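Visitor: Encoded as structure tokens, here's the structure I'll be asking about.
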Amino acid sequence: MERWALKLSVVIPAHNEVESVTQTVLDTVAELERAEIDYEIVVVDDASSDGTGAAVDAIAAKNPKVRCLRSPLPPGFGHAVRAGLEVYTGDAVAIMMADLSDSPQDLVLYYHVLEQGYDCAFGTRFGNGGRTQDYPRIKLVLNRIVNAGIGLLFRHGYNDTTNAFKAYRREVIDQVQPLLSNHFNLTVEIPLKAVTRGFNFAVVPVSWTNRQHGDSKLKLQEMGSRYAFIVLYVWLEHHLSRGDYRRESTAESV
């Protein structure tokens with residue numbers, strides 16, 4: 001595929017992440033600048049009450065490529081990401097967590113996948129060189145069950161659909177609108193819509209490290225029905241729309 005230069009936007013939703021967000025942003029800036037990538041970082045302050053926004057503003061005062069957006073939407077991970085996707089300015093966008101769980105080095109890897117011409121860069125933490133550190137046992141079991149079920153339904157050859165950390169070219173984000181998810185189910189809505197609507201993607205190994213500060217915002221007991229709704233919604237669209245949204249899609253590992 002033909003390589004092409006692009007500006008990468010990084011959208012980081014953050015709810016009460018004052019203990020982690022500064023290091024997340026600084027590490028990301030360092031890796032992107034080391035790789036000589038044109039970038040912007042948009043931290044979306046999701047109704048934080050602990051000074052998260054002020055911490056990002058302090059970085060932004062020294063680096064014009066960093067900015068903090070106080071989400072104008074109701075609280076919720078999906079709402080925060082959607083707010084960021086309304087304002088990013090890059091040719092492509094990556095969604096990254098604020099809790100230091102995602103590696104900025106993997107973000108550079110995503111960039112090079114998109115630079116090669118792929119529509120989407122999907123990471124896998126499980127197999128094929130991916131790794132996790134201190135993944136909670138119960139969450140791990142549920143993760144593998146949910147991703148196996150999604151794989152059976154969509155047969156897309158990808159085993160980590162629920163991972164929020166992915167990157168997309170701008171035309172993908174434009175074509176998967178309107179987004180419906182208000183919470184963490186957005187992590188499956190975007191990639192499943194991208195795949196079923198025919199955008200191509202490459203799967204690369206990534207690493208994940210459990211947070212050292214604060215509490216996880218993902219509440220499993222609240223998300224089951226929301227995940228089920230969005231998975232079934234995209235599955236029905238795929239099978240009942242008679243190909244109205246479909247493009248030829250390919251999946252490759254790099």
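Note on naming: chains are A, B, ... as they come in the structure tokens, residues start from 1 per chain, ligands start from 1 in the order shown.
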Could you give me the residues within region 40-231 of chain A that DSSP places in alpha helix (DSSP H), as a ChimeraX atom specification?

Guide: /A:52-60,77-85,104-115,137-154,170-175,186-196,220-231

Visitor: Given the selection you just returned, output its residues as a file containing C-alpha atoms, formatted as an mmCIF file, in the first residue's frame.

Guide:
```cif
data_model
loop_
_atom_site.group_PDB
_atom_site.id
_atom_site.type_symbol
_atom_site.label_atom_id
_atom_site.label_comp_id
_atom_site.auth_asym_id
_atom_site.auth_seq_id
_atom_site.Cartn_x
_atom_site.Cartn_y
_atom_site.Cartn_z
ATOM 1 C CA THR A 52 -7.743 16.639 35.982
ATOM 2 C CA GLY A 53 -8.541 19.567 33.685
ATOM 3 C CA ALA A 54 -6.140 21.905 35.477
ATOM 4 C CA ALA A 55 -3.328 19.343 35.185
ATOM 5 C CA VAL A 56 -3.816 19.144 31.418
ATOM 6 C CA ASP A 57 -4.142 22.908 31.102
ATOM 7 C CA ALA A 58 -0.716 23.252 32.739
ATOM 8 C CA ILE A 59 0.798 21.109 29.982
ATOM 9 C CA ALA A 60 -1.176 22.901 27.282
ATOM 10 C CA PHE A 77 -16.954 7.334 28.678
ATOM 11 C CA GLY A 78 -18.792 7.133 25.346
ATOM 12 C CA HIS A 79 -20.022 10.694 25.615
ATOM 13 C CA ALA A 80 -16.485 11.902 26.386
ATOM 14 C CA VAL A 81 -15.004 10.121 23.368
ATOM 15 C CA ARG A 82 -17.790 11.402 21.143
ATOM 16 C CA ALA A 83 -17.094 14.954 22.333
ATOM 17 C CA GLY A 84 -13.449 14.524 21.343
ATOM 18 C CA LEU A 85 -14.388 13.103 17.961
ATOM 19 C CA PRO A 104 2.571 5.384 23.639
ATOM 20 C CA GLN A 105 5.053 3.187 21.757
ATOM 21 C CA ASP A 106 2.098 1.190 20.465
ATOM 22 C CA LEU A 107 0.505 4.467 19.389
ATOM 23 C CA VAL A 108 3.510 5.040 17.114
ATOM 24 C CA LEU A 109 3.011 1.536 15.739
ATOM 25 C CA TYR A 110 -0.635 2.393 14.986
ATOM 26 C CA TYR A 111 0.483 5.521 13.165
ATOM 27 C CA HIS A 112 2.744 3.557 10.855
ATOM 28 C CA VAL A 113 -0.105 1.132 10.094
ATOM 29 C CA LEU A 114 -2.343 4.030 9.053
ATOM 30 C CA GLU A 115 0.520 5.685 7.199
ATOM 31 C CA ARG A 137 -8.688 -12.481 36.725
ATOM 32 C CA ILE A 138 -12.478 -12.095 36.635
ATOM 33 C CA LYS A 139 -12.294 -9.332 34.035
ATOM 34 C CA LEU A 140 -9.911 -11.441 31.964
ATOM 35 C CA VAL A 141 -12.293 -14.410 31.888
ATOM 36 C CA LEU A 142 -15.249 -12.207 30.978
ATOM 37 C CA ASN A 143 -13.180 -10.388 28.357
ATOM 38 C CA ARG A 144 -12.247 -13.623 26.624
ATOM 39 C CA ILE A 145 -15.857 -14.872 26.664
ATOM 40 C CA VAL A 146 -17.253 -11.616 25.266
ATOM 41 C CA ASN A 147 -14.606 -11.325 22.561
ATOM 42 C CA ALA A 148 -15.079 -14.961 21.562
ATOM 43 C CA GLY A 149 -18.804 -14.339 21.186
ATOM 44 C CA ILE A 150 -18.225 -11.221 19.081
ATOM 45 C CA GLY A 151 -15.794 -13.174 16.935
ATOM 46 C CA LEU A 152 -18.362 -15.900 16.306
ATOM 47 C CA LEU A 153 -21.031 -13.367 15.360
ATOM 48 C CA PHE A 154 -18.931 -11.222 13.037
ATOM 49 C CA ARG A 170 -10.891 10.358 9.471
ATOM 50 C CA GLU A 171 -13.140 8.886 6.778
ATOM 51 C CA VAL A 172 -13.858 5.916 9.041
ATOM 52 C CA ILE A 173 -15.057 8.135 11.873
ATOM 53 C CA ASP A 174 -17.180 10.100 9.421
ATOM 54 C CA GLN A 175 -18.772 6.938 8.020
ATOM 55 C CA LEU A 186 -18.552 2.670 22.341
ATOM 56 C CA THR A 187 -15.362 0.589 22.344
ATOM 57 C CA VAL A 188 -17.168 -2.071 20.307
ATOM 58 C CA GLU A 189 -19.535 0.156 18.333
ATOM 59 C CA ILE A 190 -16.815 1.976 16.384
ATOM 60 C CA PRO A 191 -14.695 -1.016 15.291
ATOM 61 C CA LEU A 192 -17.687 -3.244 14.510
ATOM 62 C CA LYS A 193 -19.298 -0.537 12.384
ATOM 63 C CA ALA A 194 -15.972 0.039 10.648
ATOM 64 C CA VAL A 195 -15.580 -3.662 9.859
ATOM 65 C CA THR A 196 -19.166 -4.293 8.757
ATOM 66 C CA LEU A 220 -19.099 -4.721 34.601
ATOM 67 C CA GLN A 221 -22.467 -5.111 36.283
ATOM 68 C CA GLU A 222 -23.740 -2.056 34.415
ATOM 69 C CA MET A 223 -22.350 -2.861 30.978
ATOM 70 C CA GLY A 224 -23.706 -6.299 30.028
ATOM 71 C CA SER A 225 -26.956 -5.160 28.469
ATOM 72 C CA ARG A 226 -25.297 -2.125 26.864
ATOM 73 C CA TYR A 227 -22.681 -4.275 25.144
ATOM 74 C CA ALA A 228 -25.350 -6.740 24.042
ATOM 75 C CA PHE A 229 -27.504 -3.955 22.614
ATOM 76 C CA ILE A 230 -24.779 -2.386 20.503
ATOM 77 C CA VAL A 231 -23.385 -5.723 19.280
#
```

Visitor: Write down as a ChimeraX atom specification the residues belonging to region 87-129 of chain A that are assigned strand (DSSP E or B) by DSSP computed on the backbone.

Guide: /A:92-95,102,120-124

Visitor: Save out the residues we just selected, C-alpha atoms, as a PDB file, in the first residue's frame.

Guide:
```pdb
ATOM      1  CA  ALA A  92      -6.562  10.207  11.706  1.00  0.00           C
ATOM      2  CA  VAL A  93      -7.479   9.724  15.351  1.00  0.00           C
ATOM      3  CA  ALA A  94      -6.523   7.322  18.100  1.00  0.00           C
ATOM      4  CA  ILE A  95      -8.532   6.725  21.260  1.00  0.00           C
ATOM      5  CA  ASP A 102      -1.898   1.914  26.975  1.00  0.00           C
ATOM      6  CA  CYS A 120      -7.954   1.164  10.941  1.00  0.00           C
ATOM      7  CA  ALA A 121      -5.222  -0.012  13.327  1.00  0.00           C
ATOM      8  CA  PHE A 122      -6.448  -2.572  15.852  1.00  0.00           C
ATOM      9  CA  GLY A 123      -4.281  -3.829  18.700  1.00  0.00           C
ATOM     10  CA  THR A 124      -4.479  -7.222  20.330  1.00  0.00           C
TER      11      THR A 124
END
```

Visitor: From the list A:Tyr158, A:Trp208, A:Tyr118, A:Phe184, which residue is nearest Ser103 (chain A) when using only C-alpha atoms?

Guide: A:Trp208

Visitor: Just the residues within 6 Å of region 68-71 of chain A, please, counting only C-alpha atoms, with nothing from its chain fewer than 3 positions along; format it as a PyMOL selection string.

Guide: chain A and resi 42-46+80

Visitor: Gln133 (chain A): which residues within 9 Å, counting only C-alpha atoms, same-chain residues fewer than 6 positions away excluded, as a tab-separated table (two decimals) with all heavy atoms, in the first residue's frame?

Guide:
```
chain	number	residue	atom	x	y	z
A	207	SER	N	0.61	-3.86	24.23
A	207	SER	CA	0.72	-4.21	25.64
A	207	SER	C	-0.30	-3.42	26.46
A	207	SER	O	-0.75	-2.34	26.05
A	207	SER	CB	2.14	-3.93	26.16
A	207	SER	OG	2.44	-2.55	26.05
A	208	TRP	N	-0.67	-3.98	27.59
A	208	TRP	CA	-1.62	-3.33	28.50
A	208	TRP	C	-1.14	-3.53	29.92
A	208	TRP	O	-0.76	-4.66	30.30
A	208	TRP	CB	-3.02	-3.93	28.32
A	208	TRP	CG	-4.09	-3.32	29.18
A	208	TRP	CD1	-4.92	-2.29	28.84
A	208	TRP	CD2	-4.47	-3.70	30.51
A	208	TRP	NE1	-5.78	-2.00	29.87
A	208	TRP	CE2	-5.53	-2.86	30.91
A	208	TRP	CE3	-4.01	-4.68	31.40
A	208	TRP	CZ2	-6.14	-2.95	32.16
A	208	TRP	CZ3	-4.60	-4.77	32.66
A	208	TRP	CH2	-5.66	-3.92	33.02
A	209	THR	N	-1.15	-2.45	30.71
A	209	THR	CA	-0.71	-2.50	32.11
A	209	THR	C	-1.83	-1.97	33.00
A	209	THR	O	-2.37	-0.89	32.74
A	209	THR	CB	0.55	-1.66	32.32
A	209	THR	OG1	1.57	-2.11	31.41
A	209	THR	CG2	1.05	-1.77	33.74
A	210	ASN	N	-2.16	-2.72	34.03
A	210	ASN	CA	-3.24	-2.29	34.92
A	210	ASN	C	-2.88	-0.98	35.61
A	210	ASN	O	-1.71	-0.71	35.91
A	210	ASN	CB	-3.50	-3.37	35.97
A	210	ASN	CG	-4.86	-3.20	36.65
A	210	ASN	OD1	-5.70	-2.42	36.19
A	210	ASN	ND2	-5.08	-3.91	37.73
```

Visitor: Give the answer as one residue: which of A:Arg34, A:Ala61, A:Arg169, A:Arg155 has the shortest atom-to-atom distance to Val10 (chain A), using only C-alpha atoms?

Guide: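 Under the stated criterion, the closest residue is A:Arg169.
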
Visitor: Excluding Lys65 (chain A) and any residue of its chain fewer than 4 positions from it, enumerate the residues within 8 Å of it, using only C-alpha atoms, and give them as a list in words.

Guide: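 Result of the neighbour search: Tyr39, Glu40, Ile41 and Ala60 of chain A.
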